[in-house]
file work-v3.pdb (PDB, C-alpha atoms)
ATOM      1  CA  MET F  26     -27.374 -15.235 -16.947
ATOM      2  CA  THR F  27     -26.160 -12.874 -14.259
ATOM      3  CA  SER F  28     -22.771 -12.551 -15.934
ATOM      4  CA  HIS F  29     -24.358 -10.188 -18.490
ATOM      5  CA  ALA F  30     -25.675  -7.906 -15.762
ATOM      6  CA  LEU F  31     -22.226  -6.575 -14.868
ATOM      7  CA  PRO F  32     -20.164  -4.400 -17.197
ATOM      8  CA  LEU F  33     -17.042  -6.156 -18.493
ATOM      9  CA  PRO F  34     -13.574  -4.799 -17.610
ATOM     10  CA  ASN F  35     -13.197  -3.329 -21.105
ATOM     11  CA  SER F  36     -16.463  -1.385 -20.986
ATOM     12  CA  THR F  37     -16.629   2.344 -20.327
ATOM     13  CA  GLU F  38     -19.442   2.025 -17.748
ATOM     14  CA  PRO F  39     -18.399   2.668 -14.130
ATOM     15  CA  ARG F  40     -17.468  -0.611 -12.484
ATOM     16  CA  LEU F  41     -15.674  -1.766  -9.373
ATOM     17  CA  ALA F  42     -12.639  -3.917 -10.213
ATOM     18  CA  GLY F  43     -13.263  -7.183  -8.362
ATOM     19  CA  ASP F  44     -15.929  -8.669  -6.144
ATOM     20  CA  LEU F  45     -18.134  -6.341  -4.092
ATOM     21  CA  ALA F  46     -17.375  -8.506  -1.025
ATOM     22  CA  ILE F  47     -13.615  -7.880  -1.253
ATOM     23  CA  TRP F  48     -14.295  -4.125  -1.278
ATOM     24  CA  PHE F  49     -16.372  -4.378   1.902
ATOM     25  CA  PHE F  50     -13.491  -6.342   3.413
ATOM     26  CA  ILE F  51     -10.979  -3.723   2.213
ATOM     27  CA  MET F  52     -13.041  -0.910   3.778
ATOM     28  CA  ALA F  53     -13.222  -2.825   7.071
ATOM     29  CA  GLU F  54      -9.433  -3.316   7.032
ATOM     30  CA  LEU F  55      -8.791   0.328   6.149
ATOM     31  CA  LEU F  56     -11.009   1.508   9.005
ATOM     32  CA  ALA F  57      -9.282  -0.810  11.509
ATOM     33  CA  PHE F  58      -5.878   0.530  10.457
ATOM     34  CA  ALA F  59      -7.217   4.114  10.569
ATOM     35  CA  VAL F  60      -8.028   3.615  14.260
ATOM     36  CA  PHE F  61      -4.491   2.308  14.922
ATOM     37  CA  PHE F  62      -2.902   5.171  12.969
ATOM     38  CA  ALA F  63      -4.950   7.732  14.913
ATOM     39  CA  ALA F  64      -4.140   5.990  18.216
ATOM     40  CA  TYR F  65      -0.415   6.220  17.408
ATOM     41  CA  ALA F  66      -0.614   9.873  16.295
ATOM     42  CA  PHE F  67      -2.645  11.085  19.313
ATOM     43  CA  THR F  68      -0.555   9.110  21.816
ATOM     44  CA  ARG F  69       2.543  10.663  20.257
ATOM     45  CA  ALA F  70       1.033  14.147  20.690
ATOM     46  CA  ALA F  71       1.218  13.595  24.454
ATOM     47  CA  HIS F  72       4.759  12.127  24.358
ATOM     48  CA  VAL F  73       6.495  14.031  21.540
ATOM     49  CA  GLU F  74      10.030  13.996  22.982
ATOM     50  CA  GLU F  75       9.896  10.312  23.887
ATOM     51  CA  PHE F  76       8.533   9.290  20.459
ATOM     52  CA  ASN F  77      11.062  11.425  18.544
ATOM     53  CA  LEU F  78      13.957   9.921  20.499
ATOM     54  CA  ALA F  79      12.771   6.330  20.074
ATOM     55  CA  GLN F  80      12.056   6.884  16.368
ATOM     56  CA  GLN F  81      15.738   7.735  15.775
ATOM     57  CA  ALA F  82      16.628   4.135  16.628
ATOM     58  CA  LEU F  83      14.460   2.822  13.768
ATOM     59  CA  ASN F  84      16.070   1.659  10.546
ATOM     60  CA  ARG F  85      14.535   4.246   8.207
ATOM     61  CA  ASN F  86      16.489   2.848   5.244
ATOM     62  CA  ALA F  87      14.864  -0.574   5.717
ATOM     63  CA  GLY F  88      11.454   1.113   5.852
ATOM     64  CA  ALA F  89      12.124   3.088   2.664
ATOM     65  CA  ILE F  90      13.489   0.054   0.789
ATOM     66  CA  ASN F  91      10.358  -1.842   1.799
ATOM     67  CA  THR F  92       8.213   0.994   0.432
ATOM     68  CA  LEU F  93      10.022   0.722  -2.921
ATOM     69  CA  LEU F  94       9.517  -3.065  -2.885
ATOM     70  CA  LEU F  95       5.768  -2.859  -2.232
ATOM     71  CA  LEU F  96       5.239  -0.144  -4.855
ATOM     72  CA  THR F  97       7.173  -2.133  -7.444
ATOM     73  CA  GLY F  98       5.260  -5.306  -6.521
ATOM     74  CA  SER F  99       1.962  -3.449  -6.952
ATOM     75  CA  ALA F 100       3.024  -2.205 -10.400
ATOM     76  CA  PHE F 101       3.853  -5.824 -11.351
ATOM     77  CA  VAL F 102       0.384  -6.933 -10.191
ATOM     78  CA  VAL F 103      -1.246  -4.234 -12.358
ATOM     79  CA  ARG F 104       0.866  -5.451 -15.281
ATOM     80  CA  ALA F 105      -0.340  -9.048 -14.712
ATOM     81  CA  VAL F 106      -3.975  -7.854 -14.604
ATOM     82  CA  GLN F 107      -3.484  -5.888 -17.837
ATOM     83  CA  GLY F 108      -1.997  -8.977 -19.490
ATOM     84  CA  ALA F 109      -4.951 -11.159 -18.472
ATOM     85  CA  LEU F 110      -7.394  -8.487 -19.639
ATOM     86  CA  ALA F 111      -5.650  -8.524 -23.025
ATOM     87  CA  GLY F 112      -6.315 -12.284 -23.179
ATOM     88  CA  GLU F 113      -2.707 -13.270 -22.476
ATOM     89  CA  ALA F 114      -2.948 -14.757 -18.984
ATOM     90  CA  ARG F 115      -0.101 -17.256 -19.415
ATOM     91  CA  ARG F 116       2.298 -14.622 -20.704
ATOM     92  CA  ALA F 117       1.286 -12.366 -17.800
ATOM     93  CA  ALA F 118       2.063 -14.996 -15.138
ATOM     94  CA  PRO F 119       5.756 -13.962 -14.743
ATOM     95  CA  TRP F 120       4.614 -10.456 -13.693
ATOM     96  CA  MET F 121       2.699 -12.039 -10.813
ATOM     97  CA  LEU F 122       5.753 -14.089  -9.897
ATOM     98  CA  ALA F 123       7.822 -10.870  -9.878
ATOM     99  CA  ALA F 124       5.250  -9.304  -7.539
ATOM    100  CA  ILE F 125       5.512 -12.326  -5.228
ATOM    101  CA  ALA F 126       9.315 -11.967  -5.241
ATOM    102  CA  SER F 127       8.960  -8.283  -4.234
ATOM    103  CA  GLY F 128       6.642  -9.259  -1.388
ATOM    104  CA  VAL F 129       8.927 -12.030  -0.138
ATOM    105  CA  THR F 130      11.886  -9.603  -0.204
ATOM    106  CA  PHE F 131       9.757  -7.175   1.863
ATOM    107  CA  LEU F 132       9.309  -9.904   4.495
ATOM    108  CA  VAL F 133      13.063 -10.682   4.520
ATOM    109  CA  VAL F 134      13.992  -6.989   4.964
ATOM    110  CA  LYS F 135      11.391  -6.682   7.751
ATOM    111  CA  MET F 136      12.721  -9.768   9.544
ATOM    112  CA  VAL F 137      16.297  -8.444   9.380
ATOM    113  CA  GLU F 138      14.994  -5.130  10.789
ATOM    114  CA  TYR F 139      13.067  -6.907  13.588
ATOM    115  CA  SER F 140      16.057  -9.051  14.450
ATOM    116  CA  ALA F 141      18.315  -5.980  14.879
ATOM    117  CA  ALA F 142      15.592  -4.212  16.882
ATOM    118  CA  PHE F 143      15.166  -7.209  19.220
ATOM    119  CA  ASP F 144      18.956  -7.284  19.732
ATOM    120  CA  HIS F 145      18.684  -3.666  20.911
ATOM    121  CA  GLY F 146      16.054  -4.628  23.468
ATOM    122  CA  VAL F 147      12.979  -3.465  21.549
ATOM    123  CA  SER F 148       9.896  -5.301  22.798
ATOM    124  CA  LEU F 149       6.169  -4.752  23.281
ATOM    125  CA  SER F 150       6.884  -3.545  26.819
ATOM    126  CA  SER F 151      10.156  -1.610  26.321
ATOM    127  CA  SER F 152       8.365   1.698  25.576
ATOM    128  CA  THR F 153       5.050   3.071  24.301
ATOM    129  CA  PHE F 154       6.671   3.893  20.952
ATOM    130  CA  ASP F 155       8.136   0.389  20.636
ATOM    131  CA  MET F 156       4.738  -1.127  21.453
ATOM    132  CA  PHE F 157       3.147   0.880  18.612
ATOM    133  CA  TYR F 158       6.057   0.232  16.234
ATOM    134  CA  LEU F 159       5.936  -3.538  16.766
ATOM    135  CA  SER F 160       2.175  -3.964  16.786
ATOM    136  CA  LEU F 161       1.500  -1.699  13.783
ATOM    137  CA  THR F 162       4.270  -3.127  11.605
ATOM    138  CA  PHE F 163       3.587  -6.735  12.648
ATOM    139  CA  PHE F 164      -0.150  -6.375  11.997
ATOM    140  CA  HIS F 165       0.805  -5.132   8.533
ATOM    141  CA  PHE F 166       3.420  -7.908   8.174
ATOM    142  CA  MET F 167       0.671 -10.521   8.627
ATOM    143  CA  HIS F 168      -1.353  -8.804   5.898
ATOM    144  CA  VAL F 169       1.650  -9.081   3.569
ATOM    145  CA  ILE F 170       1.813 -12.832   4.295
ATOM    146  CA  LEU F 171      -1.905 -13.259   3.486
ATOM    147  CA  GLY F 172      -1.416 -11.090   0.386
ATOM    148  CA  LEU F 173       1.397 -13.380  -0.778
ATOM    149  CA  VAL F 174      -0.814 -16.449  -0.363
ATOM    150  CA  ILE F 175      -3.466 -14.710  -2.504
ATOM    151  CA  LEU F 176      -0.909 -13.678  -5.157
ATOM    152  CA  SER F 177       0.376 -17.272  -5.306
ATOM    153  CA  VAL F 178      -3.152 -18.541  -6.012
ATOM    154  CA  LEU F 179      -3.533 -15.886  -8.721
ATOM    155  CA  TRP F 180      -0.156 -16.831 -10.208
ATOM    156  CA  LEU F 181      -1.245 -20.475 -10.509
ATOM    157  CA  GLY F 182      -4.507 -19.345 -12.085
ATOM    158  CA  LEU F 183      -2.666 -17.195 -14.635
ATOM    159  CA  ARG F 184      -0.330 -20.082 -15.501
ATOM    160  CA  ALA F 185      -3.371 -22.320 -16.024
ATOM    161  CA  GLY F 186      -4.852 -19.646 -18.308
ATOM    162  CA  ARG F 187      -7.881 -19.371 -16.029
ATOM    163  CA  TYR F 188      -8.220 -15.574 -16.275
ATOM    164  CA  GLY F 189      -9.174 -13.558 -19.332
ATOM    165  CA  PRO F 190     -11.319 -10.601 -20.438
ATOM    166  CA  HIS F 191     -14.472 -12.550 -19.515
ATOM    167  CA  ASN F 192     -13.157 -13.914 -16.216
ATOM    168  CA  MET F 193     -11.406 -11.151 -14.271
ATOM    169  CA  ASN F 194     -13.320 -11.163 -10.977
ATOM    170  CA  GLY F 195     -10.991 -13.390  -8.932
ATOM    171  CA  LEU F 196      -7.837 -11.805 -10.312
ATOM    172  CA  GLU F 197      -9.100  -8.252  -9.763
ATOM    173  CA  SER F 198     -10.295  -9.074  -6.223
ATOM    174  CA  GLY F 199      -6.922 -10.531  -5.204
ATOM    175  CA  ALA F 200      -5.070  -7.663  -6.879
ATOM    176  CA  ALA F 201      -7.211  -5.110  -4.992
ATOM    177  CA  TYR F 202      -6.288  -6.775  -1.679
ATOM    178  CA  TRP F 203      -2.573  -6.557  -2.526
ATOM    179  CA  HIS F 204      -2.887  -2.866  -3.441
ATOM    180  CA  MET F 205      -4.613  -2.276  -0.092
ATOM    181  CA  VAL F 206      -1.596  -3.793   1.702
ATOM    182  CA  ASP F 207       0.561  -1.344  -0.269
ATOM    183  CA  LEU F 208      -1.777   1.594   0.483
ATOM    184  CA  LEU F 209      -1.585   0.901   4.235
ATOM    185  CA  TRP F 210       2.220   0.846   4.165
ATOM    186  CA  LEU F 211       2.230   4.189   2.305
ATOM    187  CA  ILE F 212       0.663   5.751   5.427
ATOM    188  CA  LEU F 213       2.481   3.583   7.971
ATOM    189  CA  PHE F 214       5.976   4.357   6.655
ATOM    190  CA  PRO F 215       5.843   8.183   6.916
ATOM    191  CA  LEU F 216       3.800   7.982  10.139
ATOM    192  CA  VAL F 217       6.103   5.699  12.149
ATOM    193  CA  TYR F 218       9.493   6.063  10.412
ATOM    194  CA  VAL F 219       9.644   9.604   9.035
ATOM    195  CA  ILE F 220       7.463  12.306  10.621
ATOM    196  CA  HIS F 221       9.055  13.835  13.696
TER
ATOM    197  CA  MET N  30       7.158  -9.368 -22.505
ATOM    198  CA  SER N  31       8.424  -5.851 -21.791
ATOM    199  CA  PHE N  32       6.878  -3.762 -19.034
ATOM    200  CA  THR N  33       5.634  -1.027 -21.373
ATOM    201  CA  GLU N  34       4.374  -3.386 -24.123
ATOM    202  CA  ASN N  35       1.529  -1.924 -26.126
ATOM    203  CA  VAL N  36      -1.762  -3.197 -24.675
ATOM    204  CA  ALA N  37      -5.173  -1.688 -25.479
ATOM    205  CA  ALA N  38      -6.471   0.579 -22.689
ATOM    206  CA  GLY N  39      -9.063  -1.175 -20.500
ATOM    207  CA  SER N  40     -10.236  -0.137 -17.042
ATOM    208  CA  HIS N  41      -6.750  -1.096 -15.762
ATOM    209  CA  GLY N  42      -4.956   1.407 -17.997
ATOM    210  CA  THR N  43      -1.966   0.794 -20.238
ATOM    211  CA  PRO N  44       1.472  -0.585 -19.305
ATOM    212  CA  ALA N  45       3.046   2.756 -20.299
ATOM    213  CA  GLY N  46       0.636   4.561 -17.945
ATOM    214  CA  THR N  47       1.402   2.126 -15.137
ATOM    215  CA  PHE N  48       5.120   2.696 -15.665
ATOM    216  CA  ARG N  49       4.591   6.474 -15.315
ATOM    217  CA  HIS N  50       2.546   5.976 -12.126
ATOM    218  CA  TRP N  51       5.245   3.704 -10.716
ATOM    219  CA  LEU N  52       7.876   6.343 -11.500
ATOM    220  CA  VAL N  53       5.873   9.050  -9.683
ATOM    221  CA  LEU N  54       5.495   6.731  -6.652
ATOM    222  CA  ILE N  55       9.216   5.921  -6.568
ATOM    223  CA  VAL N  56      10.305   9.575  -6.869
ATOM    224  CA  ALA N  57       7.794  10.542  -4.132
ATOM    225  CA  THR N  58       9.175   7.800  -1.863
ATOM    226  CA  LEU N  59      12.782   8.928  -2.421
ATOM    227  CA  LEU N  60      11.685  12.468  -1.559
ATOM    228  CA  THR N  61      10.006  11.322   1.689
ATOM    229  CA  TRP N  62      13.115   9.257   2.522
ATOM    230  CA  GLN N  63      15.300  12.356   2.040
ATOM    231  CA  LEU N  64      12.942  14.623   4.023
ATOM    232  CA  GLY N  65      13.186  12.186   6.918
ATOM    233  CA  GLU N  66      16.830  13.183   7.335
ATOM    234  CA  SER N  67      15.967  16.814   8.088
ATOM    235  CA  ARG N  68      15.142  18.369  11.429
ATOM    236  CA  GLY N  69      11.376  17.979  11.287
ATOM    237  CA  GLY N  70       8.673  20.509  12.088
ATOM    238  CA  GLY N  71       5.144  21.491  11.112
ATOM    239  CA  LEU N  72       5.756  22.442   7.478
ATOM    240  CA  LEU N  73       7.783  19.309   6.841
ATOM    241  CA  THR N  74       5.058  17.147   8.381
ATOM    242  CA  ALA N  75       2.466  18.810   6.129
ATOM    243  CA  ILE N  76       4.633  18.191   3.035
ATOM    244  CA  ILE N  77       5.235  14.530   3.960
ATOM    245  CA  LEU N  78       1.504  13.979   4.595
ATOM    246  CA  GLY N  79       0.700  15.693   1.292
ATOM    247  CA  ILE N  80       3.102  13.351  -0.532
ATOM    248  CA  ALA N  81       1.560  10.327   1.250
ATOM    249  CA  MET N  82      -1.907  11.458   0.159
ATOM    250  CA  ILE N  83      -0.820  11.803  -3.498
ATOM    251  CA  LYS N  84       0.824   8.356  -3.395
ATOM    252  CA  GLY N  85      -2.280   6.846  -1.816
ATOM    253  CA  ALA N  86      -4.456   8.430  -4.505
ATOM    254  CA  VAL N  87      -2.297   6.929  -7.283
ATOM    255  CA  ILE N  88      -2.611   3.469  -5.676
ATOM    256  CA  ALA N  89      -6.366   3.779  -5.110
ATOM    257  CA  PHE N  90      -7.466   5.444  -8.339
ATOM    258  CA  ASP N  91      -4.966   3.962 -10.808
ATOM    259  CA  PHE N  92      -3.627   0.651  -9.430
ATOM    260  CA  MET N  93      -6.954  -0.333  -7.813
ATOM    261  CA  ALA N  94      -8.742   1.055 -10.893
ATOM    262  CA  LEU N  95     -11.134   3.131  -8.762
ATOM    263  CA  ARG N  96     -10.941   5.878 -11.405
ATOM    264  CA  HIS N  97     -13.489   3.757 -13.291
ATOM    265  CA  ALA N  98     -15.547   2.778 -10.220
ATOM    266  CA  PRO N  99     -18.953   4.180  -9.178
ATOM    267  CA  LEU N 100     -18.786   7.537  -7.383
ATOM    268  CA  LEU N 101     -19.656   6.006  -3.989
ATOM    269  CA  TRP N 102     -16.504   3.866  -3.970
ATOM    270  CA  ARG N 103     -14.278   6.677  -5.164
ATOM    271  CA  CYS N 104     -15.644   8.799  -2.302
ATOM    272  CA  LEU N 105     -15.199   5.996   0.260
ATOM    273  CA  LEU N 106     -11.522   5.349  -0.523
ATOM    274  CA  GLY N 107     -10.707   9.002  -1.228
ATOM    275  CA  GLY N 108     -12.500   9.975   1.982
ATOM    276  CA  TRP N 109     -10.511   7.406   3.972
ATOM    277  CA  LEU N 110      -7.269   8.859   2.649
ATOM    278  CA  VAL N 111      -8.259  12.450   3.500
ATOM    279  CA  LEU N 112      -9.598  11.410   6.930
ATOM    280  CA  VAL N 113      -6.476   9.452   7.927
ATOM    281  CA  CYS N 114      -4.020  12.127   6.763
ATOM    282  CA  SER N 115      -6.105  14.893   8.422
ATOM    283  CA  LEU N 116      -6.257  13.009  11.726
ATOM    284  CA  ILE N 117      -2.481  12.477  11.666
ATOM    285  CA  GLY N 118      -1.957  16.149  10.773
ATOM    286  CA  LEU N 119      -4.293  17.239  13.578
ATOM    287  CA  ALA N 120      -2.487  15.047  16.117
ATOM    288  CA  TYR N 121       0.905  16.454  15.099
ATOM    289  CA  TRP N 122      -0.450  19.986  15.292
ATOM    290  CA  LYS N 123      -1.658  19.142  18.808
ATOM    291  CA  GLY N 124       1.842  17.865  19.628
ATOM    292  CA  ILE N 125       3.622  21.086  18.620
ATOM    293  CA  THR N 126       1.158  23.563  20.158
ATOM    294  CA  PRO N 127       1.471  24.020  23.927
TER
END
call {"tool": "encode", "arguments": {"input": "work-v3.pdb", "output": "structure tokens"}}
result
Amino acid sequence: MTSHALPLPNSTEPRLAGDLAIWFFIMAELLAFAVFFAAYAFTRAAHVEEFNLAQQALNRNAGAINTLLLLTGSAFVVRAVQGALAGEARRAAPWMLAAIASGVTFLVVKMVEYSAAFDHGVSLSSSTFDMFYLSLTFFHFMHVILGLVILSVLWLGLRAGRYGPHNMNGLESGAAYWHMVDLLWLILFPLVYVIH
Amino acid sequence: MSFTENVAAGSHGTPAGTFRHWLVLIVATLLTWQLGESRGGGLLTAIILGIAMIKGAVIAFDFMALRHAPLLWRCLLGGWLVLVCSLIGLAYWKGITP
């Protein structure tokens, strides 16, 4: 009866929300992104003028709108988790759907931004800044896609009433992954779009 | 089902608390957005990184519920946030000092 060994989500004992394995995965992802962020920042230090000039061509409004979308999506995910924890998984399902809609809108905004950038000749080889901009944001973009697949699975599970106060592990693990995608963007946005 | 519906506090907080966290995150983002329009510089970079660190902490400790996690995990995620923002700050400092 290993299920009794772990504190339940409503207990006051310290507990990690979700599977231990997903947290190892999250740490691995965070460290990989940390290397990319540092690579960008230290390369920029040697090419400040070039990076500042190229950054002006970025659509900062699209980046900021996408930040608002991810933050709102994350809040919706928390709301869905709270609903399931209160034993109302089916009623909480629309929150997850709202989070998915936020994520899909993020992808649409990003694709519009990419399309305009490509029209202006931005490519992996057009400049060092462009190489970083495209690879960092596209690496993150792929994480958003995986996150949306995970949220869709969770949404179906909520609709089926699969999650509840005694079965939160899958929901909390998927939610933690989505919040990580948000967390990474919270560093990526100021780093690439704002600081100059 | 309203966003701030009354739900008993578990390790994922209450809807009203989540709404307040969301509001802080949105205001912080609007501030960063606005700061991006200004001329730049060391102080501005420090402020923007400080805001990013606060936002990251809200996501990690409240949305990811790490506030209720064992100390090791709070240190790991918190440490990542401090490390990344410090490295970025250090690199920018390097960029503005001859």
call {"tool": "residues_near_point", "arguments": {"input": "work-v3.pdb", "point": "(17.3, -3.0, 1.8)", "cutoff": "9 Å", "atoms": "only C-alpha atoms", "output": "number ranges by chain"}}
result
F: 86-91, 130-131, 134
call {"tool": "residues_around", "arguments": {"input": "work-v3.pdb", "residues": "stretch 99-115 of chain N", "least_positions_apart": "4", "cutoff": "9 Å", "atoms": "all atoms listed in the file", "output": "list of chain:residue names"}}
result
F:Glu38, F:Pro39, F:Arg40, F:Leu41, F:Trp48, F:Met52, F:Leu55, F:Leu56, F:Ala59, F:Val60, F:Phe62, F:Ala63, F:Ile212, N:Leu78, N:Gly79, N:Ala81, N:Met82, N:Gly85, N:Ala86, N:Ala89, N:Phe90, N:Leu95, N:Leu119, N:Ala120
call {"tool": "interface_residues", "arguments": {"input": "work-v3.pdb", "of": "chain N", "to": "chain F", "cutoff": "8 Å", "atoms": "all atoms listed in the file", "output": "number ranges by chain"}}
result
N: 30, 32, 36-44, 47-48, 51, 54-55, 58-59, 61-62, 64-65, 68-70, 73-74, 77-78, 81, 84-85, 88-89, 92-95, 97-99, 102, 106, 109, 113, 116-117, 120-121, 123-125
call {"tool": "atom_distance", "arguments": {"input": "work-v3.pdb", "atom1": "atom CA of F:Phe163", "atom2": "atom CA of F:Asp144"}}
result
16.9 Å
call {"tool": "atom_distance", "arguments": {"input": "work-v3.pdb", "atom1": "atom CA of N:Leu52", "atom2": "atom CA of N:Thr33"}}
result
12.5 Å
call {"tool": "atom_distance", "arguments": {"input": "work-v3.pdb", "atom1": "atom CA of F:Asp155", "atom2": "atom CA of F:Gly172"}}
result
25.2 Å
call {"tool": "closest_residue", "arguments": {"input": "work-v3.pdb", "among": "F:Leu149, F:Ile47, F:Ala118, F:Met167", "to": "F:Gly182", "atoms": "only C-alpha atoms"}}
result
F:Ala118
call {"tool": "resolve_selection", "arguments": {"input": "work-v3.pdb", "expression": "the PyMOL selection byres ((chain F and resi 147) around 12)", "output": "list of chain:residue names"}}
result
F:Ala79, F:Gln80, F:Ala82, F:Leu83, F:Glu138, F:Tyr139, F:Ser140, F:Ala141, F:Ala142, F:Phe143, F:Asp144, F:His145, F:Gly146, F:Ser148, F:Leu149, F:Ser150, F:Ser151, F:Ser152, F:Thr153, F:Phe154, F:Asp155, F:Met156, F:Phe157, F:Tyr158, F:Leu159, F:Ser160
call {"tool": "decode", "arguments": {"input": "work-v3.pdb", "residues": "stretch 61-78 of chain N", "atoms": "N, CA and C atoms", "output": "short mmCIF file (atom, residue, chain, number, x, y, z; two decimals), in the first residue's frame"}}
result
data_model
loop_
_atom_site.label_atom_id
_atom_site.label_comp_id
_atom_site.auth_asym_id
_atom_site.auth_seq_id
_atom_site.Cartn_x
_atom_site.Cartn_y
_atom_site.Cartn_z
N THR N 61 7.60 45.63 -17.27
CA THR N 61 8.77 45.23 -18.08
C THR N 61 8.58 45.71 -19.52
N TRP N 62 7.37 45.54 -20.04
CA TRP N 62 7.03 45.94 -21.41
C TRP N 62 7.32 47.44 -21.59
N GLN N 63 6.86 48.24 -20.58
CA GLN N 63 7.04 49.68 -20.62
C GLN N 63 8.52 50.05 -20.51
N LEU N 64 9.24 49.36 -19.61
CA LEU N 64 10.67 49.66 -19.41
C LEU N 64 11.47 49.38 -20.68
N GLY N 65 10.98 48.45 -21.48
CA GLY N 65 11.66 48.11 -22.73
C GLY N 65 11.70 49.26 -23.71
N GLU N 66 10.80 50.22 -23.52
CA GLU N 66 10.73 51.37 -24.43
C GLU N 66 11.81 52.40 -24.11
N SER N 67 12.37 52.34 -22.89
CA SER N 67 13.34 53.36 -22.51
C SER N 67 14.74 53.04 -23.04
N ARG N 68 15.67 53.94 -22.74
CA ARG N 68 16.97 53.91 -23.39
C ARG N 68 17.89 52.75 -22.99
N GLY N 69 17.58 52.10 -21.90
CA GLY N 69 18.44 51.00 -21.47
C GLY N 69 19.47 51.45 -20.46
N GLY N 70 20.42 50.58 -20.14
CA GLY N 70 21.45 50.92 -19.17
C GLY N 70 21.50 49.92 -18.03
N GLY N 71 22.54 50.09 -17.18
CA GLY N 71 22.79 49.14 -16.10
C GLY N 71 21.69 49.04 -15.07
N LEU N 72 21.21 50.23 -14.60
CA LEU N 72 20.17 50.23 -13.57
C LEU N 72 18.90 49.58 -14.09
N LEU N 73 18.55 49.94 -15.32
CA LEU N 73 17.33 49.41 -15.93
C LEU N 73 17.41 47.89 -16.06
N THR N 74 18.58 47.41 -16.49
CA THR N 74 18.79 45.96 -16.61
C THR N 74 18.61 45.28 -15.26
N ALA N 75 19.15 45.90 -14.21
CA ALA N 75 19.03 45.32 -12.86
C ALA N 75 17.57 45.27 -12.44
N ILE N 76 16.81 46.34 -12.74
CA ILE N 76 15.39 46.38 -12.36
C ILE N 76 14.62 45.30 -13.12
N ILE N 77 14.88 45.19 -14.43
CA ILE N 77 14.16 44.20 -15.25
C ILE N 77 14.48 42.77 -14.78
N LEU N 78 15.76 42.53 -14.43
CA LEU N 78 16.14 41.19 -13.93
C LEU N 78 15.50 40.92 -12.57
#
